[in-house]
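S.K.: Below is the file coords.pdb, which contains PDB, C-alpha atoms and all ligand atoms.
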ATOM      1  CA  MET V   1       9.191 -42.506 -12.391
ATOM      2  CA  ILE V   2      10.079 -40.001  -9.664
ATOM      3  CA  THR V   3       8.986 -36.470 -10.610
ATOM      4  CA  GLN V   4      11.188 -33.639  -9.373
ATOM      5  CA  PRO V   5       9.554 -30.732  -7.532
ATOM      6  CA  LYS V   6       9.316 -27.530  -9.570
ATOM      7  CA  ILE V   7      11.763 -24.856  -8.454
ATOM      8  CA  PHE V   8      10.765 -21.233  -7.772
ATOM      9  CA  GLY V   9      12.579 -18.469  -5.928
ATOM     10  CA  LEU V  10      13.500 -14.849  -5.292
ATOM     11  CA  ILE V  11      16.469 -12.877  -6.635
ATOM     12  CA  GLY V  12      17.604  -9.601  -5.052
ATOM     13  CA  LYS V  13      20.120  -8.132  -2.609
ATOM     14  CA  SER V  14      19.861  -8.431   1.196
ATOM     15  CA  ILE V  15      16.943 -10.842   0.970
ATOM     16  CA  SER V  16      17.675 -13.098   3.958
ATOM     17  CA  SER V  17      14.696 -11.756   5.954
ATOM     18  CA  SER V  18      12.210 -11.998   3.055
ATOM     19  CA  LEU V  19       8.853 -13.578   3.921
ATOM     20  CA  SER V  20       8.365 -14.904   0.365
ATOM     21  CA  PRO V  21       9.596 -18.454   1.226
ATOM     22  CA  VAL V  22       7.050 -18.586   4.082
ATOM     23  CA  ILE V  23       4.263 -17.404   1.758
ATOM     24  CA  PHE V  24       4.978 -19.922  -0.987
ATOM     25  CA  ALA V  25       5.588 -22.825   1.430
ATOM     26  CA  TYR V  26       2.100 -22.074   2.813
ATOM     27  CA  LEU V  27       0.513 -21.939  -0.664
ATOM     28  CA  PHE V  28       2.301 -25.070  -1.965
ATOM     29  CA  LYS V  29       1.159 -27.014   1.103
ATOM     30  CA  LYS V  30      -2.400 -25.692   1.012
ATOM     31  CA  TYR V  31      -2.885 -26.545  -2.672
ATOM     32  CA  LYS V  32      -0.790 -29.760  -2.560
ATOM     33  CA  ILE V  33       1.717 -28.549  -5.151
ATOM     34  CA  LYS V  34       5.059 -30.346  -5.434
ATOM     35  CA  ALA V  35       7.382 -27.351  -5.554
ATOM     36  CA  GLU V  36      10.159 -25.578  -3.674
ATOM     37  CA  TYR V  37      10.875 -21.852  -3.199
ATOM     38  CA  HIS V  38      14.461 -20.679  -2.601
ATOM     39  CA  LEU V  39      16.250 -17.394  -1.913
ATOM     40  CA  PHE V  40      18.948 -16.561  -4.491
ATOM     41  CA  PRO V  41      20.882 -13.484  -3.269
ATOM     42  CA  LEU V  42      22.757 -11.825  -6.165
ATOM     43  CA  GLU V  43      25.520  -9.243  -6.531
ATOM     44  CA  ASN V  44      25.170  -6.606  -9.287
ATOM     45  CA  ASN V  45      27.355  -8.376 -11.829
ATOM     46  CA  GLN V  46      25.561 -11.728 -11.414
ATOM     47  CA  LEU V  47      22.126 -10.793 -12.742
ATOM     48  CA  GLU V  48      22.560 -11.756 -16.395
ATOM     49  CA  SER V  49      24.298 -15.064 -15.631
ATOM     50  CA  ALA V  50      21.676 -15.927 -12.993
ATOM     51  CA  LEU V  51      18.952 -15.532 -15.625
ATOM     52  CA  GLN V  52      20.902 -17.676 -18.042
ATOM     53  CA  GLY V  53      21.117 -20.271 -15.235
ATOM     54  CA  MET V  54      17.341 -20.059 -14.847
ATOM     55  CA  ARG V  55      16.888 -20.911 -18.539
ATOM     56  CA  VAL V  56      19.452 -23.730 -18.558
ATOM     57  CA  LEU V  57      18.429 -25.349 -15.257
ATOM     58  CA  GLY V  58      14.720 -25.067 -15.967
ATOM     59  CA  ILE V  59      13.830 -23.026 -12.872
ATOM     60  CA  SER V  60      10.081 -22.487 -13.330
ATOM     61  CA  GLY V  61       9.582 -19.003 -11.898
ATOM     62  CA  ILE V  62      11.436 -16.239 -10.094
ATOM     63  CA  ASN V  63      10.368 -13.168  -8.139
ATOM     64  CA  VAL V  64      12.608 -10.126  -8.440
ATOM     65  CA  THR V  65      13.221  -7.573  -5.706
ATOM     66  CA  ALA V  66      15.404  -4.498  -5.051
ATOM     67  CA  PRO V  67      17.574  -3.394  -6.694
ATOM     68  CA  TYR V  68      16.972  -5.408  -9.897
ATOM     69  CA  LYS V  69      13.344  -4.731 -10.915
ATOM     70  CA  GLU V  70      14.250  -2.254 -13.645
ATOM     71  CA  GLU V  71      17.618  -3.664 -14.766
ATOM     72  CA  VAL V  72      16.233  -7.180 -15.191
ATOM     73  CA  THR V  73      13.939  -6.046 -18.039
ATOM     74  CA  LYS V  74      16.856  -5.856 -20.472
ATOM     75  CA  PHE V  75      17.865  -9.509 -19.985
ATOM     76  CA  LEU V  76      14.426 -11.071 -20.574
ATOM     77  CA  ASP V  77      12.999 -12.545 -23.797
ATOM     78  CA  GLY V  78       9.655 -10.766 -23.452
ATOM     79  CA  LEU V  79       7.527  -8.545 -21.225
ATOM     80  CA  ASP V  80       3.848  -8.653 -20.388
ATOM     81  CA  GLY V  81       2.026  -5.431 -21.447
ATOM     82  CA  LEU V  82       1.809  -3.986 -17.924
ATOM     83  CA  ALA V  83       5.438  -4.786 -17.094
ATOM     84  CA  LYS V  84       6.395  -2.966 -20.293
ATOM     85  CA  GLU V  85       4.234   0.041 -19.424
ATOM     86  CA  ILE V  86       5.573   0.193 -15.846
ATOM     87  CA  GLY V  87       9.190  -0.448 -16.846
ATOM     88  CA  ALA V  88       9.806  -2.836 -13.953
ATOM     89  CA  VAL V  89       9.452  -6.589 -13.385
ATOM     90  CA  ASN V  90       8.921  -8.425 -10.104
ATOM     91  CA  LEU V  91       7.998 -11.802 -11.569
ATOM     92  CA  ILE V  92       9.565 -13.981 -14.273
ATOM     93  CA  CYS V  93       8.007 -17.068 -15.844
ATOM     94  CA  ASN V  94      10.165 -19.628 -17.630
ATOM     95  CA  GLN V  95       8.138 -20.621 -20.702
ATOM     96  CA  ASN V  96      10.145 -23.485 -22.285
ATOM     97  CA  GLY V  97      13.455 -21.674 -21.861
ATOM     98  CA  LYS V  98      12.101 -18.215 -22.765
ATOM     99  CA  LEU V  99      11.879 -15.782 -19.846
ATOM    100  CA  LYS V 100       8.838 -13.504 -19.701
ATOM    101  CA  GLY V 101       8.560 -10.648 -17.188
ATOM    102  CA  PHE V 102       5.398  -9.531 -15.358
ATOM    103  CA  ASN V 103       4.545  -6.885 -12.767
ATOM    104  CA  THR V 104       2.252  -7.846  -9.894
ATOM    105  CA  ASP V 105       3.508  -5.155  -7.454
ATOM    106  CA  TRP V 106       1.119  -2.553  -8.800
ATOM    107  CA  ILE V 107      -1.840  -4.776  -7.897
ATOM    108  CA  GLY V 108      -0.504  -5.136  -4.341
ATOM    109  CA  ILE V 109      -0.220  -1.335  -4.112
ATOM    110  CA  LYS V 110      -3.696  -0.699  -5.535
ATOM    111  CA  ARG V 111      -5.300  -3.270  -3.229
ATOM    112  CA  THR V 112      -3.544  -1.870  -0.131
ATOM    113  CA  LEU V 113      -4.735   1.640  -0.974
ATOM    114  CA  GLN V 114      -8.292   0.406  -1.531
ATOM    115  CA  GLU V 115      -8.706  -2.352   1.023
ATOM    116  CA  ARG V 116      -6.460  -1.276   3.940
ATOM    117  CA  LEU V 117      -6.409   2.493   3.626
ATOM    118  CA  GLN V 118      -9.774   3.108   1.929
ATOM    119  CA  LEU V 119      -8.214   5.767  -0.314
ATOM    120  CA  GLU V 120     -10.963   7.464  -2.247
ATOM    121  CA  GLU V 121     -10.789   8.355  -5.923
ATOM    122  CA  SER V 122      -9.432  11.747  -7.065
ATOM    123  CA  PRO V 123      -7.236  12.542  -4.030
ATOM    124  CA  GLU V 124      -5.711  16.029  -4.074
ATOM    125  CA  LYS V 125      -1.992  15.534  -3.422
ATOM    126  CA  ILE V 126       0.034  12.335  -3.290
ATOM    127  CA  ILE V 127       3.641  12.317  -2.107
ATOM    128  CA  LEU V 128       5.708   9.490  -3.547
ATOM    129  CA  ILE V 129       9.097   8.971  -1.893
ATOM    130  CA  GLY V 130      11.469   6.944  -4.097
ATOM    131  CA  ALA V 131      11.986   6.505  -7.823
ATOM    132  CA  GLY V 132      13.035   2.859  -8.281
ATOM    133  CA  GLY V 133      11.149  -0.185  -9.553
ATOM    134  CA  ALA V 134       8.521  -0.154  -6.800
ATOM    135  CA  ALA V 135       7.885   3.585  -7.289
ATOM    136  CA  ARG V 136       7.181   2.852 -10.968
ATOM    137  CA  ALA V 137       4.509   0.351  -9.893
ATOM    138  CA  CYS V 138       3.065   3.025  -7.539
ATOM    139  CA  LEU V 139       2.574   5.390 -10.472
ATOM    140  CA  ARG V 140       0.639   2.683 -12.330
ATOM    141  CA  ALA V 141      -1.574   2.092  -9.286
ATOM    142  CA  PHE V 142      -2.192   5.863  -8.942
ATOM    143  CA  LYS V 143      -3.709   5.884 -12.444
ATOM    144  CA  PHE V 144      -6.632   4.038 -10.934
ATOM    145  CA  PHE V 145      -7.266   6.807  -8.342
ATOM    146  CA  GLN V 146      -6.551   9.776 -10.638
ATOM    147  CA  PRO V 147      -4.941  12.198  -8.160
ATOM    148  CA  SER V 148      -4.802  15.913  -9.040
ATOM    149  CA  GLN V 149      -1.112  16.139  -8.192
ATOM    150  CA  ILE V 150       1.846  13.834  -7.458
ATOM    151  CA  LEU V 151       5.094  15.038  -5.881
ATOM    152  CA  ILE V 152       8.047  12.700  -6.208
ATOM    153  CA  PHE V 153      10.828  13.100  -3.631
ATOM    154  CA  ASN V 154      14.009  11.115  -4.194
ATOM    155  CA  ARG V 155      17.680  11.119  -3.207
ATOM    156  CA  SER V 156      18.603  11.337  -6.891
ATOM    157  CA  VAL V 157      16.445  14.077  -8.418
ATOM    158  CA  GLU V 158      17.483  13.043 -11.934
ATOM    159  CA  LYS V 159      15.924   9.621 -11.394
ATOM    160  CA  ALA V 160      12.761  11.249 -10.062
ATOM    161  CA  LYS V 161      12.553  13.397 -13.206
ATOM    162  CA  THR V 162      12.820  10.319 -15.431
ATOM    163  CA  LEU V 163      10.087   8.624 -13.434
ATOM    164  CA  ALA V 164       7.853  11.715 -13.603
ATOM    165  CA  GLY V 165       7.918  11.389 -17.408
ATOM    166  CA  SER V 166       6.020   8.101 -17.192
ATOM    167  CA  ALA V 167       3.133   9.433 -15.058
ATOM    168  CA  ASP V 168      -0.427   9.734 -16.342
ATOM    169  CA  SER V 169      -0.588  12.877 -18.499
ATOM    170  CA  ARG V 170      -3.810  14.004 -16.727
ATOM    171  CA  THR V 171      -1.935  14.395 -13.413
ATOM    172  CA  ARG V 172       0.374  17.307 -12.509
ATOM    173  CA  VAL V 173       3.749  15.865 -11.419
ATOM    174  CA  GLU V 174       6.599  17.687  -9.669
ATOM    175  CA  VAL V 175       9.910  16.409  -8.309
ATOM    176  CA  ALA V 176      12.162  17.523  -5.425
ATOM    177  CA  GLU V 177      15.081  16.383  -3.265
ATOM    178  CA  LEU V 178      14.379  13.928  -0.480
ATOM    179  CA  GLN V 179      15.521  16.330   2.293
ATOM    180  CA  LYS V 180      12.613  18.666   1.519
ATOM    181  CA  VAL V 181       9.847  16.137   2.120
ATOM    182  CA  GLU V 182       9.162  16.737   5.817
ATOM    183  CA  ARG V 183       8.976  20.512   5.419
ATOM    184  CA  TYR V 184       6.704  20.136   2.408
ATOM    185  CA  ILE V 185       4.300  17.923   4.357
ATOM    186  CA  LYS V 186       4.231  20.412   7.244
ATOM    187  CA  GLU V 187       3.321  23.246   4.883
ATOM    188  CA  ASN V 188       0.786  21.511   2.615
ATOM    189  CA  GLY V 189      -2.381  19.448   2.946
ATOM    190  CA  ILE V 190      -1.583  15.907   1.790
ATOM    191  CA  SER V 191      -3.949  13.038   0.910
ATOM    192  CA  LEU V 192      -1.356  10.237   0.853
ATOM    193  CA  VAL V 193       2.343   9.745   1.604
ATOM    194  CA  ILE V 194       3.858   6.604   0.147
ATOM    195  CA  ASN V 195       7.400   5.431   0.851
ATOM    196  CA  ALA V 196       8.989   3.292  -1.873
ATOM    197  CA  THR V 197      12.648   3.621  -0.888
ATOM    198  CA  SER V 198      14.882   0.774   0.167
ATOM    199  CA  GLY V 199      17.140   2.598   2.633
ATOM    200  CA  LYS V 200      17.837   0.775   5.903
ATOM    201  CA  HIS V 201      16.631   3.674   8.090
ATOM    202  CA  PRO V 202      12.916   4.483   8.210
ATOM    203  CA  ILE V 203      11.880   7.405   5.988
ATOM    204  CA  ILE V 204       8.464   7.575   7.649
ATOM    205  CA  LYS V 205       9.651   9.003  10.966
ATOM    206  CA  ARG V 206       7.619  10.288  13.932
ATOM    207  CA  GLY V 207       8.164  13.931  12.926
ATOM    208  CA  LEU V 208       6.745  13.269   9.488
ATOM    209  CA  LEU V 209       3.701  11.503  10.897
ATOM    210  CA  GLN V 210       3.039  14.259  13.458
ATOM    211  CA  ALA V 211       2.894  16.777  10.605
ATOM    212  CA  LEU V 212       0.000  14.971   8.897
ATOM    213  CA  THR V 213      -3.652  15.830   9.193
ATOM    214  CA  LYS V 214      -6.147  13.186  10.370
ATOM    215  CA  GLN V 215      -7.396  12.728   6.783
ATOM    216  CA  ALA V 216      -3.964  11.876   5.371
ATOM    217  CA  LYS V 217      -2.999   8.243   4.701
ATOM    218  CA  VAL V 218       0.497   6.760   4.941
ATOM    219  CA  PHE V 219       1.749   3.659   3.144
ATOM    220  CA  ASP V 220       5.287   2.331   3.674
ATOM    221  CA  LEU V 221       6.059  -0.439   1.188
ATOM    222  CA  ASN V 222       8.617  -1.899   3.585
ATOM    223  CA  TYR V 223       7.403  -4.468   6.071
ATOM    224  CA  ASN V 224      10.426  -5.288   8.182
ATOM    225  CA  LEU V 225      11.461  -1.935   9.637
ATOM    226  CA  ASP V 226      10.873  -1.021  13.296
ATOM    227  CA  SER V 227       7.414   0.476  13.475
ATOM    228  CA  VAL V 228       7.226   4.165  14.332
ATOM    229  CA  VAL V 229       3.462   4.173  14.234
ATOM    230  CA  ASN V 230       1.661   4.798  17.505
ATOM    231  CA  VAL V 231      -2.024   4.282  18.244
ATOM    232  CA  ARG V 232      -3.071   7.663  16.821
ATOM    233  CA  PHE V 233      -2.002   6.648  13.325
ATOM    234  CA  ARG V 234      -3.116   3.001  13.226
ATOM    235  CA  LYS V 235      -6.135   3.683  11.000
ATOM    236  CA  GLN V 236      -4.209   5.985   8.669
ATOM    237  CA  TYR V 237      -1.181   3.754   8.160
ATOM    238  CA  SER V 238      -0.269   0.547   6.362
ATOM    239  CA  ASP V 239       3.085  -1.126   6.044
ATOM    240  CA  GLY V 240       3.955  -3.360   3.055
ATOM    241  CA  LEU V 241       2.777  -6.712   4.394
ATOM    242  CA  TYR V 242      -0.645  -6.726   2.719
ATOM    243  CA  MET V 243       0.988  -5.566  -0.540
ATOM    244  CA  LEU V 244       3.462  -8.451  -0.258
ATOM    245  CA  VAL V 245       0.555 -10.863   0.159
ATOM    246  CA  CYS V 246      -1.464  -9.432  -2.755
ATOM    247  CA  GLN V 247       1.453  -9.414  -5.191
ATOM    248  CA  ALA V 248       2.259 -13.011  -4.142
ATOM    249  CA  VAL V 249      -1.356 -14.122  -4.620
ATOM    250  CA  GLU V 250      -1.270 -12.621  -8.139
ATOM    251  CA  THR V 251       2.103 -14.315  -8.784
ATOM    252  CA  PHE V 252       0.583 -17.625  -7.648
ATOM    253  CA  ARG V 253      -2.391 -17.089  -9.977
ATOM    254  CA  ILE V 254      -0.038 -16.533 -12.937
ATOM    255  CA  TRP V 255       2.120 -19.563 -12.064
ATOM    256  CA  PHE V 256      -0.685 -22.041 -11.198
ATOM    257  CA  GLN V 257      -4.013 -20.470 -12.328
ATOM    258  CA  ILE V 258      -5.236 -20.742  -8.715
ATOM    259  CA  GLU V 259      -6.946 -17.824  -6.910
ATOM    260  CA  ALA V 260      -5.730 -17.842  -3.290
ATOM    261  CA  ASP V 261      -7.399 -15.758  -0.565
ATOM    262  CA  PRO V 262      -5.152 -12.856   0.535
ATOM    263  CA  GLU V 263      -6.919 -12.263   3.856
ATOM    264  CA  THR V 264      -6.220 -15.783   5.221
ATOM    265  CA  LEU V 265      -2.608 -15.581   4.089
ATOM    266  CA  TYR V 266      -2.227 -12.110   5.626
ATOM    267  CA  ARG V 267      -3.489 -13.318   9.008
ATOM    268  CA  TYR V 268      -1.126 -16.334   8.808
ATOM    269  CA  LEU V 269       1.863 -14.024   8.136
ATOM    270  CA  ILE V 270       0.985 -11.665  11.000
ATOM    271  CA  ARG V 271       1.385 -14.679  13.288
ATOM    272  CA  LYS V 272       4.597 -15.829  11.564
ATOM    273  CA  ARG V 273       6.502 -12.589  11.164
ATOM    274  CA  PRO V 274       9.192 -11.867  13.743
ATOM    275  CA  SER V 275       7.917  -9.292  16.282
TER     276      SER V 275
HETATM  277  N1  LIG S 301       5.809  -4.927   0.355
HETATM  278  C1  LIG S 301       6.078  -5.348  -0.849
HETATM  279  O1  LIG S 301       5.460  -6.272  -1.379
HETATM  280  C2  LIG S 301       7.153  -4.660  -1.638
HETATM  281  C3  LIG S 301       7.158  -4.798  -3.028
HETATM  282  C4  LIG S 301       8.117  -4.109  -3.752
HETATM  283  C5  LIG S 301       9.087  -3.371  -3.089
HETATM  284  N2  LIG S 301       9.067  -3.293  -1.740
HETATM  285  C6  LIG S 301      10.092  -2.526  -1.040
HETATM  286  O2  LIG S 301      10.189  -1.241  -1.619
HETATM  287  C7  LIG S 301      11.540  -0.790  -1.543
HETATM  288  C8  LIG S 301      11.983  -0.246  -2.909
HETATM  289  O3  LIG S 301      12.124  -1.316  -3.813
HETATM  290  P1  LIG S 301      12.612  -1.062  -5.327
HETATM  291  O4  LIG S 301      12.497  -2.351  -6.015
HETATM  292  O5  LIG S 301      11.950   0.129  -5.885
HETATM  293  O6  LIG S 301      14.151  -0.704  -5.107
HETATM  294  P2  LIG S 301      15.110   0.083  -6.128
HETATM  295  O7  LIG S 301      14.624  -0.042  -7.515
HETATM  296  O8  LIG S 301      16.489  -0.357  -5.798
HETATM  297  O9  LIG S 301      14.931   1.624  -5.701
HETATM  298  C9  LIG S 301      15.407   2.024  -4.444
HETATM  299  C10 LIG S 301      14.877   3.396  -4.081
HETATM  300  O10 LIG S 301      15.287   3.669  -2.728
HETATM  301  C11 LIG S 301      16.113   4.846  -2.710
HETATM  302  N3  LIG S 301      17.147   4.658  -1.694
HETATM  303  C12 LIG S 301      17.974   3.588  -1.545
HETATM  304  N4  LIG S 301      18.773   3.761  -0.470
HETATM  305  C13 LIG S 301      18.429   4.963   0.073
HETATM  306  C14 LIG S 301      18.906   5.699   1.198
HETATM  307  N5  LIG S 301      19.877   5.228   1.993
HETATM  308  N6  LIG S 301      18.319   6.884   1.476
HETATM  309  C15 LIG S 301      17.341   7.377   0.685
HETATM  310  N7  LIG S 301      16.856   6.734  -0.417
HETATM  311  C16 LIG S 301      17.394   5.527  -0.705
HETATM  312  C17 LIG S 301      16.668   4.979  -4.118
HETATM  313  O11 LIG S 301      17.044   6.304  -4.345
HETATM  314  P3  LIG S 301      18.076   6.679  -5.547
HETATM  315  O12 LIG S 301      17.262   6.634  -6.808
HETATM  316  O13 LIG S 301      18.542   8.039  -5.191
HETATM  317  O14 LIG S 301      19.156   5.638  -5.522
HETATM  318  C18 LIG S 301      15.447   4.532  -4.941
HETATM  319  O15 LIG S 301      14.497   5.557  -4.994
HETATM  320  C19 LIG S 301      12.371  -1.984  -1.061
HETATM  321  O16 LIG S 301      12.707  -1.818   0.312
HETATM  322  C20 LIG S 301      11.459  -3.164  -1.256
HETATM  323  O17 LIG S 301      11.685  -4.206  -0.319
HETATM  324  C21 LIG S 301       8.111  -3.910  -0.998
END
Re-express the file's structure as structure tokens.
M.R.:
Amino acid sequence: MITQPKIFGLIGKSISSSLSPVIFAYLFKKYKIKAEYHLFPLENNQLESALQGMRVLGISGINVTAPYKEEVTKFLDGLDGLAKEIGAVNLICNQNGKLKGFNTDWIGIKRTLQERLQLEESPEKIILIGAGGAARACLRAFKFFQPSQILIFNRSVEKAKTLAGSADSRTRVEVAELQKVERYIKENGISLVINATSGKHPIIKRGLLQALTKQAKVFDLNYNLDSVVNVRFRKQYSDGLYMLVCQAVETFRIWFQIEADPETLYRYLIRKRPS
């Protein structure tokens, strides 16, 4: 009997330059797994029917990216505890036709802050730019570091206020409009700036970086924008590539119970990503 390869993939908007197919092709080959990983770009009104298709066609697992990480939660049959707490899903497992949502983004964020940026515990002030699904995962990762204060800057202040409500009650949280972020950074000592927006133009611009002290760290979750980081900031800055790797390694562990090494995969992707 010929066994069909298992099907996995990514749903989201504007996903043609995603590195996820490269990551999973590497992992499937390395661990000799008969599986395929496809990109499934979706328009807003297609989300529910796409998930129904996943159930009916027996697609084994799906990653979810912007802008569907929050909306997708309402169409699933169940949520893992952390996905429920965060309120966003970036991974779905098809368990005999029942779709269960997980969140592995927060692990990618925590590991980047620890392993690439060496962020110490109890930082003073963290600036979080964005209030979507990835920003929700940031708040969960911050719990681990216990900052004194978090300031959320977002285009829609209402959304930032909703997000602020889910922060750790031990941390002081304030919200403000996105336009005020650069001035705020210039006038205040900041431990970490983290960009979790999906706009096409870089939020972390030269002016913003110049305003930072040498102690401040910068993490942009995006990994395919033109880099604005010059030599002075190399040690203070991380883009989203290592996060992408760590969330994928955790996804792979949930799908196949195999622990892959993020460092080898990261070095492979550095060579593969378009310069
Ligand atoms: N490296 C990784 O592994 C990784 C993992 C997860 C996410 N990400 C990246 O993180 C980003 C956010 O993802 P998400 O899932 O949180 O998306 P999302 O839920 O759609 O949220 C998008 C966020 O970006 C803001 N935004 C969108 N367009 C903007 C613009 N033109 N100017 C200013 N703000 C804008 C939105 O503000 P409003 O609320 O005002 O609309 C919102 O805060 C994406 O680019 C995604 O690729 C990377």
S.K.: Could you check which of V:Gln257, V:Asn63, V:Ser166, V:Gln95 is closest to ligand LIG 301 (chain S), using only C-alpha atoms and all ligand atoms?
M.R.: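 Between V:Gln257, V:Asn63, V:Ser166, V:Gln95, the residue approaching ligand LIG 301 (chain S) most closely is V:Asn63.
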S.K.: With all atoms listed in the file as the counted atoms, please give the residues lying no more than 9 Å from segment 111-127 of chain V, apart from itself and same-chain residues fewer than 3 positions off, as a VMD selection string.
M.R.: chain V and resid 106 to 108 141 to 142 144 to 153 181 185 188 to 195 217 to 219 235 to 238 240 242 to 243 246
S.K.: Using only C-alpha atoms, please write the residues we just selected to a file, as a compact mmCIF listing (two decimals), in the frame of the given file.
M.R.:
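And here is the file that came out, out_18.txt:
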# COMPACT_ATOMS: atom_id res chain seq x y z
CA TRP V 106 1.12 -2.55 -8.80
CA ILE V 107 -1.84 -4.78 -7.90
CA GLY V 108 -0.50 -5.14 -4.34
CA ALA V 141 -1.57 2.09 -9.29
CA PHE V 142 -2.19 5.86 -8.94
CA PHE V 144 -6.63 4.04 -10.93
CA PHE V 145 -7.27 6.81 -8.34
CA GLN V 146 -6.55 9.78 -10.64
CA PRO V 147 -4.94 12.20 -8.16
CA SER V 148 -4.80 15.91 -9.04
CA GLN V 149 -1.11 16.14 -8.19
CA ILE V 150 1.85 13.83 -7.46
CA LEU V 151 5.09 15.04 -5.88
CA ILE V 152 8.05 12.70 -6.21
CA PHE V 153 10.83 13.10 -3.63
CA VAL V 181 9.85 16.14 2.12
CA ILE V 185 4.30 17.92 4.36
CA ASN V 188 0.79 21.51 2.62
CA GLY V 189 -2.38 19.45 2.95
CA ILE V 190 -1.58 15.91 1.79
CA SER V 191 -3.95 13.04 0.91
CA LEU V 192 -1.36 10.24 0.85
CA VAL V 193 2.34 9.74 1.60
CA ILE V 194 3.86 6.60 0.15
CA ASN V 195 7.40 5.43 0.85
CA LYS V 217 -3.00 8.24 4.70
CA VAL V 218 0.50 6.76 4.94
CA PHE V 219 1.75 3.66 3.14
CA LYS V 235 -6.14 3.68 11.00
CA GLN V 236 -4.21 5.98 8.67
CA TYR V 237 -1.18 3.75 8.16
CA SER V 238 -0.27 0.55 6.36
CA GLY V 240 3.96 -3.36 3.06
CA TYR V 242 -0.64 -6.73 2.72
CA MET V 243 0.99 -5.57 -0.54
CA CYS V 246 -1.46 -9.43 -2.76
S.K.: Atom CA of Ala25 of chain V and atom CA of Lys6 of chain V are how many Å apart?
M.R.: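 Going from atom CA of Ala25 of chain V over to atom CA of Lys6 of chain V covers 12.5 Å.
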S.K.: Please identify the residues whose atoms come within 7 Å of ligand LIG 301 (chain S), using only C-alpha atoms and all ligand atoms, and report them as an mmCIF file with C-alpha atoms, keeping the file's coordinate frame.
M.R.:
data_model
loop_
_atom_site.group_PDB
_atom_site.id
_atom_site.type_symbol
_atom_site.label_atom_id
_atom_site.label_comp_id
_atom_site.auth_asym_id
_atom_site.auth_seq_id
_atom_site.Cartn_x
_atom_site.Cartn_y
_atom_site.Cartn_z
ATOM 1 C CA THR V 65 13.221 -7.573 -5.706
ATOM 2 C CA ALA V 66 15.404 -4.498 -5.051
ATOM 3 C CA PRO V 67 17.574 -3.394 -6.694
ATOM 4 C CA TYR V 68 16.972 -5.408 -9.897
ATOM 5 C CA LYS V 69 13.344 -4.731 -10.915
ATOM 6 C CA GLU V 70 14.250 -2.254 -13.645
ATOM 7 C CA ASP V 105 3.508 -5.155 -7.454
ATOM 8 C CA GLY V 108 -0.504 -5.136 -4.341
ATOM 9 C CA GLY V 130 11.469 6.944 -4.097
ATOM 10 C CA ALA V 131 11.986 6.505 -7.823
ATOM 11 C CA GLY V 132 13.035 2.859 -8.281
ATOM 12 C CA GLY V 133 11.149 -0.185 -9.553
ATOM 13 C CA ALA V 134 8.521 -0.154 -6.800
ATOM 14 C CA ALA V 135 7.885 3.585 -7.289
ATOM 15 C CA ASN V 154 14.009 11.115 -4.194
ATOM 16 C CA ARG V 155 17.680 11.119 -3.207
ATOM 17 C CA SER V 156 18.603 11.337 -6.891
ATOM 18 C CA LYS V 159 15.924 9.621 -11.394
ATOM 19 C CA ALA V 196 8.989 3.292 -1.873
ATOM 20 C CA THR V 197 12.648 3.621 -0.888
ATOM 21 C CA SER V 198 14.882 0.774 0.167
ATOM 22 C CA GLY V 199 17.140 2.598 2.633
ATOM 23 C CA LYS V 200 17.837 0.775 5.903
ATOM 24 C CA LEU V 221 6.059 -0.439 1.188
ATOM 25 C CA ASN V 222 8.617 -1.899 3.585
ATOM 26 C CA TYR V 223 7.403 -4.468 6.071
ATOM 27 C CA GLY V 240 3.955 -3.360 3.055
ATOM 28 C CA LEU V 241 2.777 -6.712 4.394
ATOM 29 C CA MET V 243 0.988 -5.566 -0.540
ATOM 30 C CA LEU V 244 3.462 -8.451 -0.258
ATOM 31 C CA VAL V 245 0.555 -10.863 0.159
ATOM 32 C CA GLN V 247 1.453 -9.414 -5.191
#
S.K.: Any chance you could work out the residue set of the PyMOL selection byres (((chain V and resi 76) around 8) and not hetatm) here, as a list in words?
M.R.: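 Matching residues under the PyMOL selection byres (((chain V and resi 76) around 8) and not hetatm) are Val72, Thr73, Lys74, Phe75, Asp77, Gly78, Leu79, Lys98, Leu99, Lys100 and Gly101 of chain V.
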S.K.: If I take atom CA of Val56 of chain V and atom CA of Phe256 of chain V, how far is one from the other in Å, to one decimal?
M.R.: 21.5 Å
S.K.: Kindly resolve the PyMOL selection byres (((chain V and resi 28) around 12) and not hetatm) on the present coordinates and return the residues as a PyMOL selection string.
M.R.: chain V and resi 5-8+21-27+29-37+249+252+255-256+258+260
S.K.: Would you export the selected residues with C-alpha atoms as a compact mmCIF listing (two decimals), keeping the file's coordinate frame, please?
M.R.:
# COMPACT_ATOMS: atom_id res chain seq x y z
CA PRO V 5 9.55 -30.73 -7.53
CA LYS V 6 9.32 -27.53 -9.57
CA ILE V 7 11.76 -24.86 -8.45
CA PHE V 8 10.76 -21.23 -7.77
CA PRO V 21 9.60 -18.45 1.23
CA VAL V 22 7.05 -18.59 4.08
CA ILE V 23 4.26 -17.40 1.76
CA PHE V 24 4.98 -19.92 -0.99
CA ALA V 25 5.59 -22.82 1.43
CA TYR V 26 2.10 -22.07 2.81
CA LEU V 27 0.51 -21.94 -0.66
CA LYS V 29 1.16 -27.01 1.10
CA LYS V 30 -2.40 -25.69 1.01
CA TYR V 31 -2.88 -26.54 -2.67
CA LYS V 32 -0.79 -29.76 -2.56
CA ILE V 33 1.72 -28.55 -5.15
CA LYS V 34 5.06 -30.35 -5.43
CA ALA V 35 7.38 -27.35 -5.55
CA GLU V 36 10.16 -25.58 -3.67
CA TYR V 37 10.88 -21.85 -3.20
CA VAL V 249 -1.36 -14.12 -4.62
CA PHE V 252 0.58 -17.62 -7.65
CA TRP V 255 2.12 -19.56 -12.06
CA PHE V 256 -0.68 -22.04 -11.20
CA ILE V 258 -5.24 -20.74 -8.72
CA ALA V 260 -5.73 -17.84 -3.29
